[in-house]
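**Q** One file: start.cif (mmCIF, C-alpha atoms).
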```cif
data_coords
loop_
_atom_site.label_atom_id
_atom_site.label_comp_id
_atom_site.auth_asym_id
_atom_site.auth_seq_id
_atom_site.Cartn_x
_atom_site.Cartn_y
_atom_site.Cartn_z
CA MET A 10 0.00 0.00 0.00
CA ALA A 11 1.34 3.40 -0.98
CA ARG A 12 0.19 6.87 -0.01
CA ILE A 13 -0.40 8.70 -3.26
CA LEU A 14 -0.88 12.45 -3.65
CA ILE A 15 -2.80 13.52 -6.77
CA THR A 16 -3.14 17.13 -7.89
CA SER A 17 -6.20 17.68 -10.05
CA GLY A 18 -8.26 20.28 -11.85
CA PRO A 19 -7.42 23.84 -12.89
CA THR A 20 -6.46 26.76 -10.69
CA ARG A 21 -7.63 30.35 -10.97
CA GLN A 22 -5.51 33.49 -10.93
CA TYR A 23 -7.68 36.52 -10.25
CA LEU A 24 -7.06 39.93 -11.92
CA ASP A 25 -9.66 41.57 -9.65
CA PRO A 26 -12.53 40.22 -7.50
CA VAL A 27 -14.43 39.05 -10.60
CA ARG A 28 -12.15 38.21 -13.52
CA TYR A 29 -9.57 35.41 -13.60
CA LEU A 30 -7.28 33.38 -15.81
CA THR A 31 -7.89 29.64 -15.93
CA ASN A 32 -8.23 26.65 -18.27
CA ALA A 33 -10.88 24.03 -19.01
CA SER A 34 -9.41 21.23 -16.87
CA SER A 35 -12.41 19.38 -15.39
CA GLY A 36 -10.72 17.22 -12.74
CA ARG A 37 -12.08 14.09 -14.48
CA MET A 38 -8.61 12.65 -15.10
CA GLY A 39 -7.67 13.29 -11.47
CA ALA A 40 -10.87 11.65 -10.24
CA ALA A 41 -10.25 8.63 -12.50
CA LEU A 42 -6.64 8.34 -11.27
CA ALA A 43 -7.85 8.52 -7.65
CA GLN A 44 -10.35 5.73 -8.33
CA ALA A 45 -7.73 3.56 -10.07
CA ALA A 46 -5.26 4.06 -7.20
CA LEU A 47 -7.90 3.18 -4.61
CA GLU A 48 -8.78 0.03 -6.59
CA LEU A 49 -5.13 -1.06 -6.21
CA GLY A 50 -5.42 -0.64 -2.43
CA HIS A 51 -3.54 2.66 -2.10
CA GLU A 52 -4.36 5.60 0.12
CA VAL A 53 -5.22 8.72 -1.87
CA VAL A 54 -5.16 12.46 -1.15
CA VAL A 55 -6.37 14.81 -3.90
CA VAL A 56 -5.41 18.50 -3.90
CA SER A 57 -7.97 19.94 -6.30
CA GLY A 58 -8.73 23.29 -7.89
CA PRO A 59 -12.36 24.39 -8.40
CA VAL A 60 -14.19 21.60 -10.28
CA GLU A 61 -17.69 20.14 -10.51
CA VAL A 62 -16.48 16.52 -10.71
CA ASP A 63 -17.12 14.12 -7.81
CA TYR A 64 -13.99 12.52 -6.38
CA PRO A 65 -14.24 8.99 -4.93
CA ALA A 66 -15.60 9.08 -1.37
CA ALA A 67 -12.58 7.08 -0.15
CA ALA A 68 -10.14 9.80 -1.27
CA ARG A 69 -9.38 12.74 0.99
CA VAL A 70 -9.86 15.99 -0.96
CA VAL A 71 -8.13 19.29 -0.19
CA PRO A 72 -9.82 22.12 -2.17
CA VAL A 73 -7.76 25.09 -3.37
CA VAL A 74 -8.28 28.01 -5.77
CA SER A 75 -4.94 29.49 -6.88
CA THR A 76 -1.67 27.90 -7.95
CA GLU A 77 0.01 29.31 -4.82
CA GLU A 78 -2.60 27.55 -2.67
CA MET A 79 -2.23 24.33 -4.67
CA LEU A 80 1.54 24.38 -4.20
CA GLU A 81 1.28 25.04 -0.47
CA ALA A 82 -1.31 22.29 0.09
CA ALA A 83 0.59 19.83 -2.11
CA GLN A 84 3.88 20.50 -0.30
CA HIS A 85 2.13 19.86 3.01
CA GLU A 86 0.51 16.63 1.81
CA PHE A 87 3.67 15.41 0.04
CA GLU A 88 5.35 15.21 3.47
CA ALA A 89 3.39 12.03 4.22
CA ALA A 90 3.21 10.65 0.66
CA ASP A 91 5.19 8.01 -1.22
CA GLY A 92 4.55 9.56 -4.58
CA LEU A 93 2.91 12.36 -6.53
CA ILE A 94 0.76 12.23 -9.66
CA GLY A 95 0.59 15.79 -10.96
CA ALA A 96 -2.60 15.63 -13.03
CA ALA A 97 -3.69 19.20 -12.29
CA ALA A 98 -3.46 21.99 -14.84
CA PRO A 99 -2.41 24.86 -12.53
CA CYS A 100 -2.42 28.33 -14.07
CA ASP A 101 1.22 28.96 -14.86
CA TYR A 102 0.84 32.74 -15.12
CA ARG A 103 -0.61 35.18 -12.62
CA PRO A 104 -1.22 38.92 -12.91
CA ARG A 105 1.65 40.78 -11.28
CA LEU A 106 -0.90 43.06 -9.62
CA VAL A 107 -4.36 42.05 -8.41
CA ALA A 108 -6.91 44.90 -8.26
CA GLU A 109 -8.84 45.22 -5.00
CA HIS A 110 -12.03 46.31 -6.80
CA LYS A 111 -13.48 45.26 -10.14
CA ILE A 112 -11.48 47.00 -12.88
CA ALA A 113 -13.83 49.51 -14.56
CA LYS A 114 -13.88 49.70 -18.36
CA THR A 115 -12.43 52.87 -19.82
CA GLY A 116 -12.70 52.24 -23.55
CA GLU A 117 -8.92 51.87 -23.67
CA PRO A 118 -6.88 48.65 -23.95
CA LEU A 119 -5.85 47.08 -20.65
CA GLU A 120 -2.19 46.17 -20.35
CA LEU A 121 -1.76 43.12 -18.18
CA ARG A 122 1.65 42.02 -16.96
CA LEU A 123 1.65 38.31 -16.17
CA VAL A 124 4.43 36.59 -14.26
CA GLU A 125 5.04 32.85 -14.02
CA THR A 126 3.72 30.99 -10.99
CA ASP A 127 5.91 28.46 -9.23
CA ASP A 128 5.71 25.05 -10.90
CA VAL A 129 3.93 22.68 -8.50
CA VAL A 130 5.37 19.41 -9.87
CA ALA A 131 8.91 20.77 -10.31
CA THR A 132 8.94 22.24 -6.81
CA LEU A 133 7.83 18.98 -5.22
CA ALA A 134 10.15 16.87 -7.39
CA ALA A 135 13.12 19.03 -6.37
CA ASP A 136 12.44 17.77 -2.85
CA LYS A 137 11.96 14.09 -3.65
CA VAL A 138 14.35 12.71 -1.05
CA HIS A 139 12.63 12.71 2.34
CA PRO A 140 15.07 12.76 5.32
CA GLU A 141 13.34 9.83 7.00
CA ARG A 142 11.23 8.19 4.34
CA GLY A 143 13.71 8.05 1.48
CA GLN A 144 13.18 8.53 -2.22
CA ARG A 145 9.68 9.48 -3.39
CA TRP A 146 8.44 9.25 -6.98
CA VAL A 147 6.88 11.94 -9.13
CA VAL A 148 4.72 11.47 -12.23
CA GLY A 149 4.02 14.59 -14.28
CA PHE A 150 1.49 15.40 -16.96
CA ALA A 151 2.37 17.39 -20.08
CA LEU A 152 -0.34 19.00 -22.15
CA GLU A 153 0.98 20.32 -25.43
CA THR A 154 -0.63 21.42 -28.67
CA GLU A 155 2.40 20.54 -30.84
CA ASP A 156 5.50 18.28 -30.67
CA HIS A 157 3.85 16.34 -27.83
CA ARG A 158 6.51 13.71 -27.14
CA LEU A 159 9.52 16.00 -27.50
CA ARG A 160 8.08 18.68 -25.25
CA ALA A 161 6.88 16.09 -22.72
CA LEU A 162 10.41 14.65 -22.46
CA ALA A 163 11.90 18.11 -22.04
CA LYS A 164 9.42 18.74 -19.23
CA LEU A 165 10.20 15.38 -17.62
CA GLU A 166 13.88 16.28 -17.49
CA ARG A 167 13.41 19.88 -16.38
CA LYS A 168 10.96 18.91 -13.63
CA HIS A 169 12.90 15.81 -12.49
CA CYS A 170 9.97 13.45 -12.94
CA ASP A 171 10.22 9.64 -12.89
CA LEU A 172 7.54 9.32 -15.54
CA MET A 173 5.71 11.81 -17.74
CA VAL A 174 2.20 11.35 -19.12
CA SER A 175 1.89 13.18 -22.44
CA ASN A 176 -1.47 14.25 -23.81
CA GLY A 177 -2.99 16.87 -26.09
CA ALA A 178 -5.41 19.74 -25.55
CA ALA A 179 -8.32 17.47 -26.59
CA ALA A 180 -7.98 15.88 -23.13
CA MET A 181 -9.31 19.04 -21.47
CA ASN A 182 -12.88 18.78 -20.23
CA SER A 183 -13.36 15.58 -22.24
CA GLU A 184 -14.68 12.16 -21.21
CA THR A 185 -11.85 10.44 -23.07
CA ASN A 186 -8.10 10.74 -23.34
CA ASP A 187 -5.15 9.55 -25.45
CA VAL A 188 -1.85 9.41 -23.55
CA GLU A 189 1.66 8.08 -23.70
CA VAL A 190 3.63 7.27 -20.56
CA LEU A 191 7.29 8.21 -21.07
CA THR A 192 10.43 7.33 -19.10
CA PRO A 193 13.46 9.61 -18.60
CA THR A 194 15.24 7.72 -21.39
CA GLY A 195 12.37 8.32 -23.80
CA ASP A 196 10.88 4.83 -23.68
CA VAL A 197 7.12 4.62 -24.12
CA LEU A 198 5.86 2.32 -21.34
CA GLY A 199 2.25 2.60 -22.33
CA HIS A 200 -0.12 4.17 -24.84
CA PHE A 201 -3.67 4.33 -23.51
CA VAL A 202 -6.72 5.52 -25.44
CA GLY A 203 -10.32 5.56 -24.29
CA PRO A 204 -12.54 6.68 -21.42
CA LYS A 205 -10.54 8.44 -18.71
CA GLU A 206 -11.38 5.62 -16.24
CA GLU A 207 -9.65 3.08 -18.51
CA VAL A 208 -6.73 5.38 -19.29
CA ALA A 209 -6.28 5.99 -15.55
CA ARG A 210 -6.12 2.23 -14.87
CA GLY A 211 -3.45 1.93 -17.56
CA ILE A 212 -1.36 4.74 -16.07
CA LEU A 213 -1.71 3.28 -12.57
CA SER A 214 -0.63 -0.15 -13.81
CA VAL A 215 2.59 1.39 -15.15
CA ILE A 216 3.15 3.33 -11.90
CA GLN A 217 2.49 0.16 -9.89
CA ALA A 218 4.97 -1.96 -11.87
CA ARG A 219 7.68 0.64 -12.31
CA LEU A 220 7.57 2.94 -9.27
CA ILE A 221 5.74 1.14 -6.46
CA GLU A 222 6.77 -2.51 -6.89
CA GLY A 223 9.64 -2.44 -9.34
CA PRO A 224 13.11 -0.92 -9.18
CA ARG A 225 13.15 2.62 -10.46
CA MET B 10 -47.45 35.59 -23.26
CA ALA B 11 -44.12 37.20 -24.09
CA ARG B 12 -41.05 35.79 -25.80
CA ILE B 13 -38.17 36.43 -23.44
CA LEU B 14 -34.49 36.16 -24.28
CA ILE B 15 -32.19 35.50 -21.32
CA THR B 16 -28.40 35.61 -21.54
CA SER B 17 -26.74 33.54 -18.84
CA GLY B 18 -23.42 32.28 -17.52
CA PRO B 19 -19.88 33.47 -18.18
CA THR B 20 -18.04 33.59 -21.47
CA ARG B 21 -14.43 32.63 -22.14
CA GLN B 22 -11.80 34.62 -24.01
CA TYR B 23 -8.91 32.37 -24.99
CA LEU B 24 -5.26 33.57 -24.98
CA ASP B 25 -4.13 30.34 -26.66
CA PRO B 26 -5.72 26.87 -27.10
CA VAL B 27 -5.52 26.21 -23.34
CA ARG B 28 -5.63 29.39 -21.26
CA TYR B 29 -8.55 31.81 -21.04
CA LEU B 30 -10.03 34.73 -19.16
CA THR B 31 -13.39 34.18 -17.49
CA ASN B 32 -15.34 34.67 -14.26
CA ALA B 33 -17.19 32.46 -11.78
CA SER B 34 -20.71 33.04 -13.12
CA SER B 35 -22.51 29.70 -12.72
CA GLY B 36 -25.64 30.29 -14.82
CA ARG B 37 -27.81 29.63 -11.72
CA MET B 38 -29.41 33.09 -11.81
CA GLY B 39 -30.15 32.66 -15.53
CA ALA B 40 -31.66 29.22 -14.92
CA ALA B 41 -33.81 30.59 -12.08
CA LEU B 42 -34.97 33.51 -14.26
CA ALA B 43 -35.85 31.08 -17.06
CA GLN B 44 -37.88 28.97 -14.63
CA ALA B 45 -39.68 32.02 -13.20
CA ALA B 46 -40.51 33.30 -16.70
CA LEU B 47 -41.84 29.89 -17.76
CA GLU B 48 -44.01 29.77 -14.61
CA LEU B 49 -45.64 33.03 -15.75
CA GLY B 50 -46.47 31.40 -19.08
CA HIS B 51 -43.78 33.05 -21.19
CA GLU B 52 -41.65 31.50 -23.92
CA VAL B 53 -37.95 31.43 -23.03
CA VAL B 54 -34.73 31.26 -25.03
CA VAL B 55 -31.44 31.14 -23.10
CA VAL B 56 -28.14 32.06 -24.75
CA SER B 57 -25.64 30.55 -22.33
CA GLY B 58 -21.88 30.44 -21.91
CA PRO B 59 -20.18 27.23 -20.64
CA VAL B 60 -21.91 26.20 -17.38
CA GLU B 61 -22.72 23.00 -15.48
CA VAL B 62 -26.20 24.19 -14.41
CA ASP B 63 -29.32 22.53 -15.84
CA TYR B 64 -31.72 24.91 -17.56
CA PRO B 65 -35.47 24.14 -17.46
CA ALA B 66 -36.37 21.58 -20.13
CA ALA B 67 -39.06 23.92 -21.49
CA ALA B 68 -36.48 26.62 -22.31
CA ARG B 69 -34.60 26.54 -25.59
CA VAL B 70 -30.86 26.83 -24.91
CA VAL B 71 -28.27 28.19 -27.35
CA PRO B 72 -24.75 27.36 -26.09
CA VAL B 73 -21.85 29.73 -26.81
CA VAL B 74 -18.25 30.13 -25.61
CA SER B 75 -16.96 33.65 -26.28
CA THR B 76 -18.53 37.08 -25.88
CA GLU B 77 -18.49 37.52 -29.67
CA GLU B 78 -20.49 34.28 -30.02
CA MET B 79 -22.88 35.35 -27.26
CA LEU B 80 -23.50 38.69 -28.95
CA GLU B 81 -24.09 37.09 -32.33
CA ALA B 82 -26.48 34.46 -30.95
CA ALA B 83 -28.31 37.02 -28.79
CA GLN B 84 -28.73 39.43 -31.72
CA HIS B 85 -30.19 36.61 -33.78
CA GLU B 86 -32.60 35.49 -31.02
CA PHE B 87 -33.57 39.08 -30.11
CA GLU B 88 -35.13 39.42 -33.57
CA ALA B 89 -38.07 37.30 -32.42
CA ALA B 90 -38.16 38.40 -28.77
CA ASP B 91 -40.27 40.90 -26.85
CA GLY B 92 -37.61 41.54 -24.26
CA LEU B 93 -34.12 40.73 -23.01
CA ILE B 94 -32.91 39.85 -19.52
CA GLY B 95 -29.12 40.18 -19.64
CA ALA B 96 -28.14 37.95 -16.70
CA ALA B 97 -24.92 36.69 -18.29
CA ALA B 98 -21.49 37.86 -17.16
CA PRO B 99 -19.73 38.02 -20.54
CA CYS B 100 -15.98 38.60 -20.46
CA ASP B 101 -15.63 42.28 -21.22
CA TYR B 102 -11.97 42.05 -22.23
CA ARG B 103 -10.32 39.81 -24.82
CA PRO B 104 -6.67 39.37 -25.73
CA ARG B 105 -5.86 41.46 -28.78
CA LEU B 106 -3.95 38.49 -30.18
CA VAL B 107 -4.82 34.82 -29.70
CA ALA B 108 -1.87 32.41 -30.00
CA GLU B 109 -2.39 29.45 -32.31
CA HIS B 110 -0.33 27.12 -30.09
CA LYS B 111 0.01 26.97 -26.31
CA ILE B 112 2.26 29.84 -25.20
CA ALA B 113 5.49 28.27 -23.86
CA LYS B 114 6.94 29.59 -20.62
CA THR B 115 10.19 31.49 -20.98
CA GLY B 116 10.89 32.59 -17.41
CA GLU B 117 10.06 36.16 -18.44
CA PRO B 118 6.87 38.13 -17.72
CA LEU B 119 4.18 37.90 -20.37
CA GLU B 120 2.71 41.20 -21.54
CA LEU B 121 -0.90 40.79 -22.47
CA ARG B 122 -2.82 43.53 -24.26
CA LEU B 123 -6.53 43.21 -23.61
CA VAL B 124 -9.16 45.11 -25.58
CA GLU B 125 -12.80 45.56 -24.65
CA THR B 126 -15.36 43.23 -26.17
CA ASP B 127 -18.63 44.61 -27.52
CA ASP B 128 -21.20 44.99 -24.75
CA VAL B 129 -23.98 42.46 -25.38
CA VAL B 130 -26.76 44.28 -23.50
CA ALA B 131 -25.83 47.74 -24.79
CA THR B 132 -25.62 46.50 -28.37
CA LEU B 133 -29.05 44.89 -28.21
CA ALA B 134 -30.60 47.81 -26.34
CA ALA B 135 -29.34 50.22 -29.01
CA ASP B 136 -31.60 48.32 -31.37
CA LYS B 137 -34.69 48.14 -29.18
CA VAL B 138 -37.18 49.41 -31.73
CA HIS B 139 -38.08 46.61 -34.09
CA PRO B 140 -39.37 47.82 -37.52
CA GLU B 141 -42.44 45.55 -37.33
CA ARG B 142 -42.80 44.54 -33.73
CA GLY B 143 -42.28 47.90 -32.02
CA GLN B 144 -40.54 48.73 -28.81
CA ARG B 145 -38.79 45.90 -26.97
CA TRP B 146 -37.63 46.03 -23.35
CA VAL B 147 -34.17 45.36 -21.93
CA VAL B 148 -33.29 44.47 -18.35
CA GLY B 149 -29.59 44.58 -17.47
CA PHE B 150 -27.59 43.18 -14.56
CA ALA B 151 -24.82 45.14 -12.87
CA LEU B 152 -22.27 43.38 -10.73
CA GLU B 153 -20.11 45.81 -8.82
CA THR B 154 -17.78 45.48 -5.86
CA GLU B 155 -18.27 49.09 -4.67
CA ASP B 156 -20.88 51.89 -5.02
CA HIS B 157 -23.41 49.32 -6.24
CA ARG B 158 -26.45 51.54 -6.78
CA LEU B 159 -24.62 54.49 -8.29
CA ARG B 160 -22.68 52.36 -10.75
CA ALA B 161 -25.76 50.30 -11.61
CA LEU B 162 -27.67 53.48 -12.50
CA ALA B 163 -24.78 54.74 -14.61
CA LYS B 164 -24.81 51.42 -16.46
CA LEU B 165 -28.57 51.56 -16.91
CA GLU B 166 -28.29 54.94 -18.57
CA ARG B 167 -25.24 54.12 -20.69
CA LYS B 168 -26.74 50.84 -21.91
CA HIS B 169 -30.27 52.22 -22.42
CA CYS B 170 -31.92 49.63 -20.20
CA ASP B 171 -35.51 49.82 -18.95
CA LEU B 172 -34.57 48.28 -15.63
CA MET B 173 -31.26 47.38 -14.00
CA VAL B 174 -30.75 44.60 -11.47
CA SER B 175 -27.90 45.53 -9.13
CA ASN B 176 -25.97 42.90 -7.20
CA GLY B 177 -22.54 42.32 -5.66
CA ALA B 178 -19.72 39.87 -6.36
CA ALA B 179 -21.09 37.53 -3.67
CA ALA B 180 -23.80 36.60 -6.20
CA MET B 181 -21.21 34.79 -8.35
CA ASN B 182 -21.40 31.00 -8.14
CA SER B 183 -23.64 31.27 -5.09
CA GLU B 184 -27.00 29.64 -4.30
CA THR B 185 -28.36 32.94 -3.00
CA ASN B 186 -28.51 36.54 -4.14
CA ASP B 187 -29.32 40.02 -2.86
CA VAL B 188 -30.52 42.40 -5.57
CA GLU B 189 -32.20 45.74 -6.12
CA VAL B 190 -34.27 46.43 -9.23
CA LEU B 191 -33.71 50.04 -10.34
CA THR B 192 -35.62 52.25 -12.78
CA PRO B 193 -34.08 54.91 -15.07
CA THR B 194 -35.15 57.56 -12.54
CA GLY B 195 -33.38 55.76 -9.70
CA ASP B 196 -36.47 54.30 -8.04
CA VAL B 197 -36.02 50.95 -6.34
CA LEU B 198 -38.92 48.77 -7.51
CA GLY B 199 -37.83 45.76 -5.52
CA HIS B 200 -35.21 44.46 -3.11
CA PHE B 201 -35.04 40.68 -3.14
CA VAL B 202 -32.85 38.55 -0.87
CA GLY B 203 -32.71 34.78 -0.68
CA PRO B 204 -32.34 31.67 -2.85
CA LYS B 205 -31.86 32.56 -6.52
CA GLU B 206 -35.20 30.87 -7.36
CA GLU B 207 -37.04 33.29 -5.05
CA VAL B 208 -35.03 36.30 -6.18
CA ALA B 209 -35.78 35.37 -9.80
CA ARG B 210 -39.54 35.25 -9.08
CA GLY B 211 -39.28 38.70 -7.53
CA ILE B 212 -37.44 40.14 -10.53
CA LEU B 213 -39.93 38.55 -12.94
CA SER B 214 -42.88 39.98 -10.97
CA VAL B 215 -41.40 43.47 -11.45
CA ILE B 216 -40.77 42.84 -15.16
CA GLN B 217 -44.30 41.48 -15.55
CA ALA B 218 -45.95 44.48 -13.89
CA ARG B 219 -43.76 47.19 -15.37
CA LEU B 220 -42.62 46.00 -18.80
CA ILE B 221 -44.98 43.27 -19.97
CA GLU B 222 -48.39 44.37 -18.62
CA GLY B 223 -47.87 47.92 -17.47
CA PRO B 224 -46.98 51.13 -19.29
CA ARG B 225 -43.27 51.66 -19.50
#
```
Is it possible to express this structure as structure tokens?
**A**
Amino acid sequence: MARILITSGPTRQYLDPVRYLTNASSGRMGAALAQAALELGHEVVVVSGPVEVDYPAAARVVPVVSTEEMLEAAQHEFEAADGLIGAAAPCDYRPRLVAEHKIAKTGEPLELRLVETDDVVATLAADKVHPERGQRWVVGFALETEDHRLRALAKLERKHCDLMVSNGAAAMNSETNDVEVLTPTGDVLGHFVGPKEEVARGILSVIQARLIEGPR
Amino acid sequence: MARILITSGPTRQYLDPVRYLTNASSGRMGAALAQAALELGHEVVVVSGPVEVDYPAAARVVPVVSTEEMLEAAQHEFEAADGLIGAAAPCDYRPRLVAEHKIAKTGEPLELRLVETDDVVATLAADKVHPERGQRWVVGFALETEDHRLRALAKLERKHCDLMVSNGAAAMNSETNDVEVLTPTGDVLGHFVGPKEEVARGILSVIQARLIEGPR
């Protein structure tokens, strides 16, 4: 039995009290991964952005809104975890300034300066070795609209992941998915297509064999 | 029996195939208004942005994503309508440029130039007099985080509405609401607090008495 932390859903980065940047991540892939992990007998914590999806009742869910909150909650939960599946799509830009009141229209263009948020998966993976509990594993997700495999491998390396799940933008807010599971050496350990529940079971079977039971 | 057009929900303005600007409008107020209008025997068309809410089965729903799409669909549906209730929260800014592929992070700030979208309610209200069907009525919604009544009245005048419903940001994605219904002369015709279903019945009773049955 492993303790698995899953990040799921989008985050929101507010410009003012009303408007925000986000993406169409539905949390369905995270919910399916939680279910597949529970079916294998693991303990599951989900740190989730705002979604309508229902997570399995047996998973503990920590709700967050912004990427900063997701990172903080995930760092806290990672302390007691054996591994991380970073299925969330956190906003990777935030407005440099957040207006206290709703920005009134003036008829003029609005110049918005966005700065990068901290990368949740990369930050946790940089801290993989726990002083008491040893090496933990990290599985990332890469969503790209071009050069999927190449960009996914570059992300795997940059973020120090043990495996990277590569998918396309069609995965967003969809019932189905089409993913490849890549290793640091570029091997494809699995190619799963179908309903997210089935794809999640495929991904978990690779994680089980390679990261939980097998030698890394 | 009147034919009532209701706009509902948020819209999305994409920066690239993944990221977009939006707000937390849930469509619940629009769904409650549709239900209240149907209960009074009216015919209802809802032009709705992406929401999870269920609209009444007896309402015809036209789904849209962006503010441009909402405006186009609403203009088309307004042709056959007696009045408009603009309960949607369309994005009022859009990126000047939309990237074809997902914008890759560079480590540098991202400068985003936003331009105002066309105002859906104001555009329709500017065209209130139908060549064959006469004067149509327009009810707007104002969501402000400060000086609610003053700003709502300014919006009423600028957008040429017959009535303006004023509420605060707490209305967003909430089960309840707290609204005032204002006339062009600043009279408060109703103050409704409670579940959105009840608030919607209150708003519709004012519309019924003032715009559908009564003299304007």
**Q** Around all the atoms of range 113-117 of chain A listed in the file, draw an axis-aligned box and extend it by 8 Å on each of the six sides; I want its centre and edge lengths in Å to one decimal, as lines of an AutoDock Vina configuration file.
**A**
```
center_x = -11.4
center_y = 51.2
center_z = -19.1
size_x = 21.0
size_y = 19.4
size_z = 25.1
```
**Q** Using only C-alpha atoms, which residues of range 28-124 of chain B come within 12 Å of range 48-71 of chain A, and what is the closest atom pair for each, with the distance in Å to one decimal? Give it as a tab-separated table, sorted by chain and residue number.
**A**
```
residue	atom	partner	partner_atom	distance
B:Ala33	CA	A:Pro59	CA	10.0
B:Ser35	CA	A:Glu61	CA	10.9
B:Val60	CA	A:Glu61	CA	10.1
B:Glu61	CA	A:Glu61	CA	7.6
B:Val62	CA	A:Glu61	CA	10.2
```
**Q** Any idea what's packed within 12 Å of Phe87 in chain B, counting only C-alpha atoms, ignoring anything in its chain fewer than 6 positions away? Could you give it as a PDB file with C-alpha atoms, keeping the file's coordinate frame?
**A**
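Written out: result-v8.pdb:
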```
ATOM      1  CA  ARG B  12     -41.050  35.790 -25.800  1.00  0.00           C
ATOM      2  CA  ILE B  13     -38.170  36.430 -23.440  1.00  0.00           C
ATOM      3  CA  LEU B  14     -34.490  36.160 -24.280  1.00  0.00           C
ATOM      4  CA  ILE B  15     -32.190  35.500 -21.320  1.00  0.00           C
ATOM      5  CA  THR B  16     -28.400  35.610 -21.540  1.00  0.00           C
ATOM      6  CA  VAL B  53     -37.950  31.430 -23.030  1.00  0.00           C
ATOM      7  CA  VAL B  54     -34.730  31.260 -25.030  1.00  0.00           C
ATOM      8  CA  VAL B  55     -31.440  31.140 -23.100  1.00  0.00           C
ATOM      9  CA  VAL B  56     -28.140  32.060 -24.750  1.00  0.00           C
ATOM     10  CA  MET B  79     -22.880  35.350 -27.260  1.00  0.00           C
ATOM     11  CA  LEU B  80     -23.500  38.690 -28.950  1.00  0.00           C
ATOM     12  CA  GLU B  81     -24.090  37.090 -32.330  1.00  0.00           C
ATOM     13  CA  LEU B  93     -34.120  40.730 -23.010  1.00  0.00           C
ATOM     14  CA  ILE B  94     -32.910  39.850 -19.520  1.00  0.00           C
ATOM     15  CA  GLY B  95     -29.120  40.180 -19.640  1.00  0.00           C
ATOM     16  CA  VAL B 129     -23.980  42.460 -25.380  1.00  0.00           C
ATOM     17  CA  VAL B 130     -26.760  44.280 -23.500  1.00  0.00           C
ATOM     18  CA  THR B 132     -25.620  46.500 -28.370  1.00  0.00           C
ATOM     19  CA  LEU B 133     -29.050  44.890 -28.210  1.00  0.00           C
ATOM     20  CA  ALA B 134     -30.600  47.810 -26.340  1.00  0.00           C
ATOM     21  CA  ALA B 135     -29.340  50.220 -29.010  1.00  0.00           C
ATOM     22  CA  ASP B 136     -31.600  48.320 -31.370  1.00  0.00           C
ATOM     23  CA  LYS B 137     -34.690  48.140 -29.180  1.00  0.00           C
ATOM     24  CA  VAL B 138     -37.180  49.410 -31.730  1.00  0.00           C
ATOM     25  CA  HIS B 139     -38.080  46.610 -34.090  1.00  0.00           C
ATOM     26  CA  ARG B 142     -42.800  44.540 -33.730  1.00  0.00           C
ATOM     27  CA  GLN B 144     -40.540  48.730 -28.810  1.00  0.00           C
ATOM     28  CA  ARG B 145     -38.790  45.900 -26.970  1.00  0.00           C
ATOM     29  CA  TRP B 146     -37.630  46.030 -23.350  1.00  0.00           C
ATOM     30  CA  VAL B 147     -34.170  45.360 -21.930  1.00  0.00           C
TER      31      VAL B 147
END
```
**Q** Using Å and a single decimal, report how far CA of Thr76 in chain B sits from CA of Arg219 in chain B.
**A**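 Computing it gives 29.1 Å between the two atoms.
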**Q** Check the smallest atom-to-atom distance from each of B:Gly18, B:Gly92, B:Pro204, B:Gly177 to Glu189 in chain B using all atoms listed in the file, then report the winner.
**A**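 Checking each candidate against Glu189 in chain B, we get B:Gly177 as the closest.
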**Q** One number please: CA of Pro193 in chain B to CA of Ala218 in chain B, in Å, one decimal.
**A**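 These atoms are spaced 15.8 Å apart.
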**Q** Name the closest residue to Thr185 in chain B among the candidates B:Lys205, B:His200, B:Lys168, B:Arg37; distances are taken between atoms, counting all atoms listed in the file.
**A**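 So, comparing all the options, the nearest one is B:Lys205.
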**Q** Measure the distance from CA of Leu42 in chain A to CA of Glu77 in chain A in Å and round it to one decimal.
**A**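 Going from CA of Leu42 in chain A over to CA of Glu77 in chain A covers 22.9 Å.
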**Q** On this file, the PyMOL selection byres ((chain A and resi 213) around 10) gives some set of residues; write that set as a list in words.
**A**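 Selection result, ordered by chain and number: Leu42, Ala43, Gln44, Ala45, Ala46, Glu48, Leu49, Ile94, Glu207, Val208, Ala209, Arg210, Gly211, Ile212, Ser214, Val215, Ile216, Gln217, Ala218, Arg219, Leu220 and Ile221 of chain A.
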**Q** Selection in question (the file shown): the PyMOL selection byres ((chain A and resi 162) around 12). Which residues does it include, as a ChimeraX atom specification?
**A** /A:149-153,156-161,163-176,189-197
